[in-house]
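Participant: Sharing start.cif, mmCIF, C-alpha atoms:
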```cif
data_data
#
loop_
_atom_site.label_atom_id
_atom_site.label_comp_id
_atom_site.auth_asym_id
_atom_site.auth_seq_id
_atom_site.Cartn_x
_atom_site.Cartn_y
_atom_site.Cartn_z
CA MET H 1 33.99 6.64 32.65
CA SER H 2 35.94 3.47 33.42
CA ARG H 3 37.22 1.31 30.61
CA ARG H 4 35.02 -1.61 31.72
CA ARG H 5 31.89 0.58 31.72
CA ALA H 6 32.75 1.96 28.27
CA GLU H 7 33.19 -1.56 26.91
CA THR H 8 29.87 -2.63 28.47
CA ASN H 9 28.05 0.32 26.88
CA ALA H 10 29.65 -0.37 23.52
CA PHE H 11 28.51 -4.00 23.74
CA ARG H 12 24.95 -2.98 24.57
CA GLU H 13 24.86 -0.49 21.71
CA SER H 14 26.10 -3.14 19.28
CA ARG H 15 23.43 -5.51 20.63
CA ILE H 16 20.75 -2.89 19.95
CA ALA H 17 22.06 -2.32 16.42
CA HIS H 18 22.19 -6.10 15.85
CA ASP H 19 18.57 -6.56 16.92
CA VAL H 20 17.42 -3.69 14.71
CA GLU H 21 19.21 -5.23 11.73
CA LEU H 22 17.56 -8.60 12.41
CA PHE H 23 14.19 -6.81 12.52
CA LEU H 24 14.86 -5.15 9.16
CA CYS H 25 15.87 -8.54 7.72
CA ALA H 26 12.55 -9.95 8.95
CA LEU H 27 10.75 -7.16 7.09
CA ARG H 28 12.64 -8.00 3.90
CA GLU H 29 11.64 -11.65 4.25
CA ARG H 30 8.00 -10.53 4.50
CA ASN H 31 8.42 -8.69 1.18
CA VAL H 32 7.89 -5.28 2.77
CA SER H 33 8.53 -2.37 0.40
CA PRO H 34 12.22 -1.33 0.20
CA HIS H 35 11.10 2.28 0.68
CA THR H 36 9.36 1.36 3.94
CA ILE H 37 12.40 -0.56 5.17
CA LYS H 38 14.71 2.35 4.36
CA ALA H 39 12.39 4.80 6.16
CA TYR H 40 12.08 2.51 9.20
CA ALA H 41 15.86 2.10 9.37
CA GLY H 42 16.30 5.88 9.48
CA ASP H 43 13.54 6.34 12.07
CA LEU H 44 14.92 3.63 14.35
CA SER H 45 18.44 5.01 14.10
CA VAL H 46 17.17 8.41 15.26
CA PHE H 47 15.13 6.74 18.01
CA ALA H 48 18.11 4.76 19.34
CA SER H 49 20.26 7.88 19.32
CA HIS H 50 17.60 9.96 21.12
CA ALA H 51 16.87 7.36 23.76
CA GLY H 52 20.52 6.55 24.36
CA LEU H 53 19.50 2.90 24.32
CA ARG H 54 21.44 0.42 26.41
CA SER H 55 18.70 -2.22 26.63
CA TRP H 56 15.16 -2.67 25.27
CA ASP H 57 13.76 -2.95 28.78
CA SER H 58 14.82 0.63 29.50
CA VAL H 59 12.22 1.94 27.00
CA ASP H 60 8.75 2.86 28.23
CA HIS H 61 5.87 4.86 26.74
CA ILE H 62 7.28 8.08 28.24
CA THR H 63 10.55 7.52 26.36
CA ILE H 64 8.65 7.10 23.11
CA ARG H 65 6.49 10.18 23.68
CA GLY H 66 9.65 12.16 24.32
CA PHE H 67 11.04 10.89 21.04
CA LEU H 68 7.92 12.04 19.17
CA SER H 69 8.15 15.46 20.85
CA VAL H 70 11.69 15.84 19.56
CA LEU H 71 10.51 15.03 16.03
CA TYR H 72 7.80 17.71 16.29
CA GLU H 73 10.38 20.21 17.52
CA LYS H 74 12.50 19.45 14.45
CA GLY H 75 9.55 20.46 12.29
CA LEU H 76 8.54 17.03 11.04
CA SER H 77 4.98 16.66 9.77
CA LYS H 78 2.36 14.56 11.54
CA THR H 79 2.66 12.02 8.73
CA SER H 80 6.41 11.62 9.33
CA VAL H 81 5.93 11.41 13.10
CA ALA H 82 3.20 8.78 12.64
CA ARG H 83 5.53 6.74 10.43
CA ALA H 84 8.31 6.93 13.06
CA LEU H 85 5.87 5.70 15.72
CA ALA H 86 4.79 2.88 13.38
CA ALA H 87 8.45 1.88 13.02
CA VAL H 88 8.94 1.73 16.80
CA ARG H 89 5.67 -0.17 17.28
CA SER H 90 6.57 -2.68 14.60
CA LEU H 91 10.04 -3.16 16.09
CA PHE H 92 8.75 -3.83 19.61
CA ARG H 93 6.07 -6.15 18.25
CA TRP H 94 8.85 -8.18 16.64
CA LEU H 95 10.99 -8.03 19.79
CA ALA H 96 8.05 -9.41 21.78
CA GLN H 97 7.56 -12.24 19.27
CA GLU H 98 11.25 -13.07 19.61
CA GLY H 99 11.01 -13.07 23.40
CA LEU H 100 13.38 -10.13 23.80
CA VAL H 101 10.84 -7.91 25.60
CA GLN H 102 7.76 -8.60 27.70
CA GLN H 103 5.48 -5.94 26.23
CA ASN H 104 5.18 -3.26 23.58
CA PRO H 105 5.44 0.20 25.21
CA ALA H 106 4.61 1.88 21.89
CA SER H 107 1.08 0.45 22.06
CA LEU H 108 0.38 2.94 24.87
CA VAL H 109 1.24 5.91 22.65
CA SER H 110 -1.54 7.41 20.51
CA THR H 111 -0.97 7.85 16.79
CA PRO H 112 -0.99 11.51 15.66
CA LYS H 113 -4.27 12.43 13.97
CA ILE H 114 -3.55 12.96 10.31
CA PRO H 115 -6.04 14.94 8.22
CA LYS H 116 -7.49 12.74 5.50
CA LYS H 117 -6.40 14.00 2.11
CA LEU H 118 -7.95 12.29 -0.86
CA PRO H 119 -5.60 11.91 -3.83
CA ARG H 120 -6.56 13.57 -7.09
CA VAL H 121 -7.62 10.80 -9.48
CA PRO H 122 -7.66 11.25 -13.27
CA THR H 123 -11.09 10.83 -14.84
CA ILE H 124 -11.96 7.96 -17.15
CA GLU H 125 -11.79 10.38 -20.07
CA GLU H 126 -8.32 11.56 -19.04
CA MET H 127 -7.02 8.01 -18.74
CA ASN H 128 -8.47 7.10 -22.14
CA ALA H 129 -6.74 10.14 -23.64
CA VAL H 130 -3.42 8.97 -22.21
CA LEU H 131 -3.73 5.36 -23.34
CA GLU H 132 -5.52 5.63 -26.67
CA GLY H 133 -2.91 7.80 -28.38
CA GLY H 134 0.61 6.88 -29.39
CA LEU H 135 3.47 7.02 -26.88
CA ALA H 136 6.37 7.33 -29.34
CA GLU H 137 7.31 10.91 -28.41
CA ALA H 138 7.11 10.35 -24.66
CA ALA H 139 8.53 6.82 -24.48
CA ALA H 140 12.06 5.53 -24.99
CA PHE H 141 10.69 1.98 -25.39
CA PRO H 142 7.09 2.47 -26.63
CA GLU H 143 6.05 -1.21 -26.67
CA ARG H 144 7.24 -1.81 -23.10
CA ASP H 145 5.89 1.48 -21.78
CA ARG H 146 2.49 0.82 -23.35
CA LEU H 147 2.29 -2.56 -21.59
CA MET H 148 3.51 -1.00 -18.34
CA MET H 149 0.79 1.68 -18.39
CA GLU H 150 -1.91 -0.81 -19.36
CA LEU H 151 -0.95 -3.15 -16.52
CA LEU H 152 -0.86 -0.37 -13.91
CA TYR H 153 -4.26 1.00 -14.89
CA GLY H 154 -5.85 -2.17 -16.27
CA CYS H 155 -4.95 -4.35 -13.26
CA GLY H 156 -4.57 -1.81 -10.47
CA ILE H 157 -1.28 -3.28 -9.29
CA ARG H 158 1.39 -1.61 -7.18
CA ASN H 159 4.67 -0.42 -8.68
CA SER H 160 6.63 -3.09 -6.77
CA GLU H 161 4.20 -5.75 -7.97
CA LEU H 162 4.57 -4.60 -11.57
CA VAL H 163 8.36 -4.90 -11.69
CA GLY H 164 8.16 -8.28 -9.95
CA ILE H 165 6.09 -9.89 -12.73
CA ASN H 166 7.87 -12.74 -14.52
CA LEU H 167 7.02 -14.19 -17.92
CA ASP H 168 5.60 -17.32 -16.29
CA ASP H 169 3.17 -15.17 -14.29
CA ILE H 170 1.22 -14.18 -17.40
CA ARG H 171 -1.69 -16.59 -17.94
CA MET H 172 -2.77 -15.75 -21.48
CA SER H 173 -5.29 -18.59 -21.69
CA ALA H 174 -7.10 -17.17 -18.65
CA ASP H 175 -6.53 -13.47 -19.42
CA ALA H 176 -5.00 -13.10 -15.97
CA VAL H 177 -1.69 -12.42 -14.26
CA LEU H 178 -0.25 -13.84 -11.03
CA ILE H 179 0.68 -10.99 -8.68
CA ARG H 180 2.93 -11.27 -5.64
CA GLY H 181 1.82 -8.63 -3.20
CA LYS H 182 2.71 -7.48 0.29
CA GLY H 183 3.76 -10.18 2.69
CA LYS H 184 4.42 -12.55 -0.24
CA LYS H 185 0.68 -12.97 -0.69
CA GLU H 186 -0.30 -14.08 -4.18
CA ARG H 187 -3.45 -13.21 -6.09
CA ILE H 188 -4.74 -13.65 -9.62
CA VAL H 189 -5.78 -10.43 -11.34
CA PRO H 190 -7.73 -10.47 -14.64
CA PHE H 191 -6.80 -8.26 -17.57
CA GLY H 192 -8.61 -7.13 -20.69
CA ASP H 193 -8.00 -6.82 -24.40
CA ALA H 194 -5.86 -3.67 -24.01
CA VAL H 195 -3.30 -5.53 -21.85
CA ARG H 196 -3.39 -8.56 -24.16
CA GLU H 197 -2.74 -6.43 -27.27
CA ALA H 198 0.05 -4.48 -25.57
CA TYR H 199 1.64 -7.76 -24.44
CA MET H 200 1.57 -9.24 -27.93
CA ARG H 201 3.23 -6.14 -29.37
CA TYR H 202 5.85 -5.99 -26.65
CA MET H 203 7.10 -9.58 -26.72
CA PRO H 204 8.85 -9.42 -30.15
CA ALA H 205 10.49 -6.12 -29.15
CA ARG H 206 11.57 -7.69 -25.85
CA GLN H 207 13.17 -10.62 -27.67
CA ARG H 208 15.04 -8.29 -30.06
CA LEU H 209 16.41 -6.39 -27.06
CA LEU H 210 17.66 -9.56 -25.36
CA VAL H 211 19.34 -10.74 -28.57
CA LEU H 212 21.01 -7.34 -28.97
CA GLN H 213 22.22 -7.33 -25.36
CA LYS H 214 23.13 -11.06 -25.48
CA ARG H 215 21.15 -11.72 -22.31
CA THR H 216 18.31 -13.83 -20.97
CA SER H 217 15.80 -12.81 -18.33
CA SER H 218 12.73 -14.19 -16.58
CA ALA H 219 11.43 -10.66 -15.92
CA LEU H 220 8.54 -9.40 -18.01
CA LEU H 221 9.49 -5.73 -18.12
CA LEU H 222 13.10 -4.97 -19.05
CA ASN H 223 15.27 -1.88 -19.08
CA MET H 224 17.28 -0.97 -22.17
CA ARG H 225 20.23 -3.10 -20.97
CA GLY H 226 18.08 -6.22 -20.70
CA GLY H 227 17.79 -6.20 -16.91
CA ARG H 228 14.65 -6.06 -14.79
CA LEU H 229 12.96 -2.66 -14.74
CA THR H 230 13.14 -0.90 -11.34
CA THR H 231 10.37 0.90 -9.43
CA ARG H 232 12.34 4.15 -9.70
CA SER H 233 12.44 3.86 -13.48
CA VAL H 234 8.72 3.07 -13.62
CA GLY H 235 8.00 6.24 -11.63
CA ARG H 236 10.03 8.38 -14.04
CA ILE H 237 8.42 6.81 -17.11
CA VAL H 238 4.86 7.21 -15.81
CA LYS H 239 5.45 10.86 -14.92
CA ARG H 240 7.01 11.61 -18.31
CA ILE H 241 4.14 10.02 -20.22
CA ALA H 242 1.47 11.59 -18.00
CA VAL H 243 2.89 15.10 -18.38
CA ALA H 244 3.30 14.65 -22.14
CA LYS H 245 -0.38 13.64 -22.29
CA GLY H 246 -1.58 16.65 -20.30
CA LEU H 247 -1.92 15.21 -16.80
CA PRO H 248 -0.50 17.00 -13.72
CA ARG H 249 3.13 16.49 -12.71
CA ASP H 250 2.11 14.82 -9.44
CA VAL H 251 0.94 11.70 -11.28
CA HIS H 252 2.84 8.57 -10.22
CA PRO H 253 2.28 4.78 -10.56
CA HIS H 254 0.02 4.66 -7.50
CA THR H 255 -2.20 7.29 -9.12
CA LEU H 256 -3.11 4.70 -11.77
CA ARG H 257 -3.94 2.19 -9.03
CA HIS H 258 -6.26 4.75 -7.42
CA ALA H 259 -7.81 5.40 -10.83
CA PHE H 260 -8.37 1.65 -11.34
CA GLY H 261 -10.28 1.26 -8.07
CA THR H 262 -12.22 4.50 -8.38
CA HIS H 263 -13.31 3.91 -11.98
CA LEU H 264 -14.40 0.33 -11.26
CA LEU H 265 -16.55 1.61 -8.41
CA GLU H 266 -18.02 4.39 -10.55
CA GLU H 267 -18.99 1.82 -13.16
CA GLY H 268 -20.81 -0.33 -10.60
CA ALA H 269 -18.22 -2.93 -9.55
CA ASP H 270 -18.72 -4.74 -6.24
CA LEU H 271 -16.52 -3.45 -3.42
CA ARG H 272 -15.48 -6.97 -2.41
CA ALA H 273 -14.35 -7.75 -5.95
CA ILE H 274 -12.30 -4.54 -6.03
CA GLN H 275 -10.76 -5.50 -2.68
CA GLU H 276 -9.71 -8.87 -4.11
CA MET H 277 -8.19 -7.38 -7.25
CA LEU H 278 -6.30 -4.67 -5.35
CA GLY H 279 -5.03 -7.16 -2.78
CA HIS H 280 -6.28 -5.17 0.21
CA GLU H 281 -6.22 -7.16 3.43
CA ARG H 282 -9.02 -5.09 4.97
CA LEU H 283 -12.23 -3.95 3.31
CA ALA H 284 -11.88 -0.63 5.16
CA THR H 285 -8.89 0.17 2.95
CA THR H 286 -10.93 -0.45 -0.19
CA GLN H 287 -13.81 1.63 1.15
CA ARG H 288 -11.62 4.68 0.70
CA TYR H 289 -12.54 4.47 -2.96
CA THR H 290 -16.16 5.19 -2.07
CA GLN H 291 -14.91 8.56 -0.79
CA LEU H 292 -13.00 9.14 -4.01
CA SER H 293 -16.04 8.18 -6.08
CA MET H 294 -18.36 10.43 -4.05
CA LYS H 295 -15.93 13.31 -4.51
CA HIS H 296 -16.17 12.80 -8.27
CA VAL H 297 -19.98 12.66 -8.11
CA LEU H 298 -20.12 15.94 -6.18
CA GLU H 299 -17.77 17.63 -8.65
CA VAL H 300 -19.95 16.51 -11.56
CA TYR H 301 -23.08 17.73 -9.75
CA ASP H 302 -21.58 21.15 -8.98
CA ARG H 303 -20.40 21.52 -12.55
CA THR H 304 -23.52 20.38 -14.38
CA HIS H 305 -26.72 20.75 -12.32
CA PRO H 306 -28.50 24.04 -13.05
CA ARG H 307 -29.52 24.50 -9.41
CA ALA H 308 -26.00 23.93 -8.13
CA LYS H 309 -24.61 27.10 -9.73
#
```
Take the structure I supplied and represent it as structure tokens, if you would.
Facilitator:
Amino acid sequence: MSRRRAETNAFRESRIAHDVELFLCALRERNVSPHTIKAYAGDLSVFASHAGLRSWDSVDHITIRGFLSVLYEKGLSKTSVARALAAVRSLFRWLAQEGLVQQNPASLVSTPKIPKKLPRVPTIEEMNAVLEGGLAEAAAFPERDRLMMELLYGCGIRNSELVGINLDDIRMSADAVLIRGKGKKERIVPFGDAVREAYMRYMPARQRLLVLQKRTSSALLLNMRGGRLTTRSVGRIVKRIAVAKGLPRDVHPHTLRHAFGTHLLEEGADLRAIQEMLGHERLATTQRYTQLSMKHVLEVYDRTHPRAK
């Protein structure tokens, strides 16, 4: 290969990498989950390497299908392959918006059919058992962890939304909290007496911690050093408390969000109201909870009706 050709290829590769980084920056500006951005970055790196990209115009739907075939050959699950395709689709959608390509070749590629697997949701009784007892043995910071659990289950918020709550977002006079969701969309979510009581108990402990650490913070939930609590830490804390209270080890913060939606539906809440509180853009996403609720109804029927045995 001539020196000039090598330099041209290197320039094109750097241009591709530059565009991908700009795309990832655009995702960050839209408040997309850091986990999603990290996964997309990995998927797109593999895609660029597989396709030997020199320009975006060289990619067509056959190139993308070949990329997916390689992922299958490596043993990736349909879920992982579908996520990789979503990353490529999202990238080309952005490239089209920026005027860097004329069309999105990924739109011609079908998404792998993923079998629907409903998550296991704790019952109302199980959640009451977790929250009504003390947390001292399972919690390093009982007052904070109590508030954290009550907010996750009592408001149905995402892990990333939880750690993003600031003191000014709590509206005590309205018994509500301002939540910043996906795409920087804001919504007001009501809370009940359990959250209010946990908040009142936590605030003096929070102040003592900040005095001890000689710090100030606008964040509601703090780590033991006085900084903002991270999503990773929330995941560890929820799992530790759940296991200590007799729930399965696969419980995570999103499990409490599923429980929130499912239990509201079981108790007769309107689907549109649940959609608003959960911050779902589409009602179809919220309707998944009707499947979860029906699953619970069938389990109760099979367990209790004399003619079902």
Participant: Kindly resolve the PyMOL selection byres ((chain H and resi 219) around 7) on the present coordinates and return the residues as a list of chain:residue names.
Facilitator: H:Ile165, H:Asn166, H:Leu167, H:Ser217, H:Ser218, H:Leu220, H:Leu221, H:Leu222, H:Arg228
Participant: Given the file shown, enumerate the residues that the PyMOL selection byres ((chain H and resi 99-112) around 12) captures and present them as a VMD selection string.
Facilitator: chain H and resid 15 to 16 19 to 20 23 55 to 69 72 76 to 98 113 to 115
Participant: Grab the atom CA of Leu147 of chain H to atom CA of Ala198 of chain H distance for me, in Å with one decimal place.
Facilitator: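 Interatomic distance, atom CA of Leu147 of chain H to atom CA of Ala198 of chain H: 5.0 Å.
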Participant: Have a look at H:His263, H:Arg215, H:Arg225, H:Arg236 and name the one nearest to Glu125 of chain H; count only C-alpha atoms.
Facilitator: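 The shortest atom-to-atom distance to Glu125 of chain H comes from H:His263.
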Participant: Quote the spacing between atom CA of Thr262 of chain H and atom CA of Val121 of chain H in Å to one decimal place.
Facilitator: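 If I compute the distance from atom CA of Thr262 of chain H to atom CA of Val121 of chain H, I get 7.9 Å.
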Participant: Once the PyMOL selection byres ((chain H and resi 260) around 12) has been applied to the shown file, what residues remain in the selection, as JSON, numbers by chain?
Facilitator: {"H": [121, 122, 123, 124, 127, 149, 150, 151, 152, 153, 154, 155, 156, 157, 158, 191, 253, 254, 255, 256, 257, 258, 259, 261, 262, 263, 264, 265, 266, 267, 269, 274, 275, 277, 278, 286, 289, 292, 293]}
Participant: Give me the residues near Val32 of chain H as an NGL selection string, where near means some atom within 12 Å (using all atoms listed in the file) and where sequence neighbours in that chain fewer than 2 positions away do not count.
Facilitator: :H and (23-30 or 34-40 or 160-161 or 180-185)
Participant: Kindly export the residues of the current selection with C-alpha atoms, as a PDB file, in the frame of the given file.
Facilitator:
```pdb
ATOM      1  CA  PHE H  23      14.190  -6.810  12.520  1.00  0.00           C
ATOM      2  CA  LEU H  24      14.860  -5.150   9.160  1.00  0.00           C
ATOM      3  CA  CYS H  25      15.870  -8.540   7.720  1.00  0.00           C
ATOM      4  CA  ALA H  26      12.550  -9.950   8.950  1.00  0.00           C
ATOM      5  CA  LEU H  27      10.750  -7.160   7.090  1.00  0.00           C
ATOM      6  CA  ARG H  28      12.640  -8.000   3.900  1.00  0.00           C
ATOM      7  CA  GLU H  29      11.640 -11.650   4.250  1.00  0.00           C
ATOM      8  CA  ARG H  30       8.000 -10.530   4.500  1.00  0.00           C
ATOM      9  CA  PRO H  34      12.220  -1.330   0.200  1.00  0.00           C
ATOM     10  CA  HIS H  35      11.100   2.280   0.680  1.00  0.00           C
ATOM     11  CA  THR H  36       9.360   1.360   3.940  1.00  0.00           C
ATOM     12  CA  ILE H  37      12.400  -0.560   5.170  1.00  0.00           C
ATOM     13  CA  LYS H  38      14.710   2.350   4.360  1.00  0.00           C
ATOM     14  CA  ALA H  39      12.390   4.800   6.160  1.00  0.00           C
ATOM     15  CA  TYR H  40      12.080   2.510   9.200  1.00  0.00           C
ATOM     16  CA  SER H 160       6.630  -3.090  -6.770  1.00  0.00           C
ATOM     17  CA  GLU H 161       4.200  -5.750  -7.970  1.00  0.00           C
ATOM     18  CA  ARG H 180       2.930 -11.270  -5.640  1.00  0.00           C
ATOM     19  CA  GLY H 181       1.820  -8.630  -3.200  1.00  0.00           C
ATOM     20  CA  LYS H 182       2.710  -7.480   0.290  1.00  0.00           C
ATOM     21  CA  GLY H 183       3.760 -10.180   2.690  1.00  0.00           C
ATOM     22  CA  LYS H 184       4.420 -12.550  -0.240  1.00  0.00           C
ATOM     23  CA  LYS H 185       0.680 -12.970  -0.690  1.00  0.00           C
TER      24      LYS H 185
END
```
Participant: One decimal, in Å: what's the spacing between atom CA of Glu197 of chain H and atom CA of Gly134 of chain H?
Facilitator: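 These two atoms are separated by 13.9 Å.
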Participant: Show which residues sit within 12 Å of Ala174 of chain H, as a list of chain:residue names. Count all atoms listed in the file, and ignore same-chain residues fewer than 2 positions away.
Facilitator: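 With the cut-off at 12 Å, the set is H:Asp169, H:Ile170, H:Arg171, H:Met172, H:Ala176, H:Val177, H:Leu178, H:Ile188, H:Val189, H:Pro190, H:Phe191, H:Gly192, H:Asp193, H:Arg196.
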Participant: Within 10 Å of segment 238-242 of chain H, counting all atoms listed in the file, which residues show up once you throw out same-chain ones fewer than 2 positions away? Write them as a VMD selection string, please.
Facilitator: chain H and resid 126 to 127 130 to 131 135 to 139 145 to 146 148 to 149 152 233 to 236 244 to 256
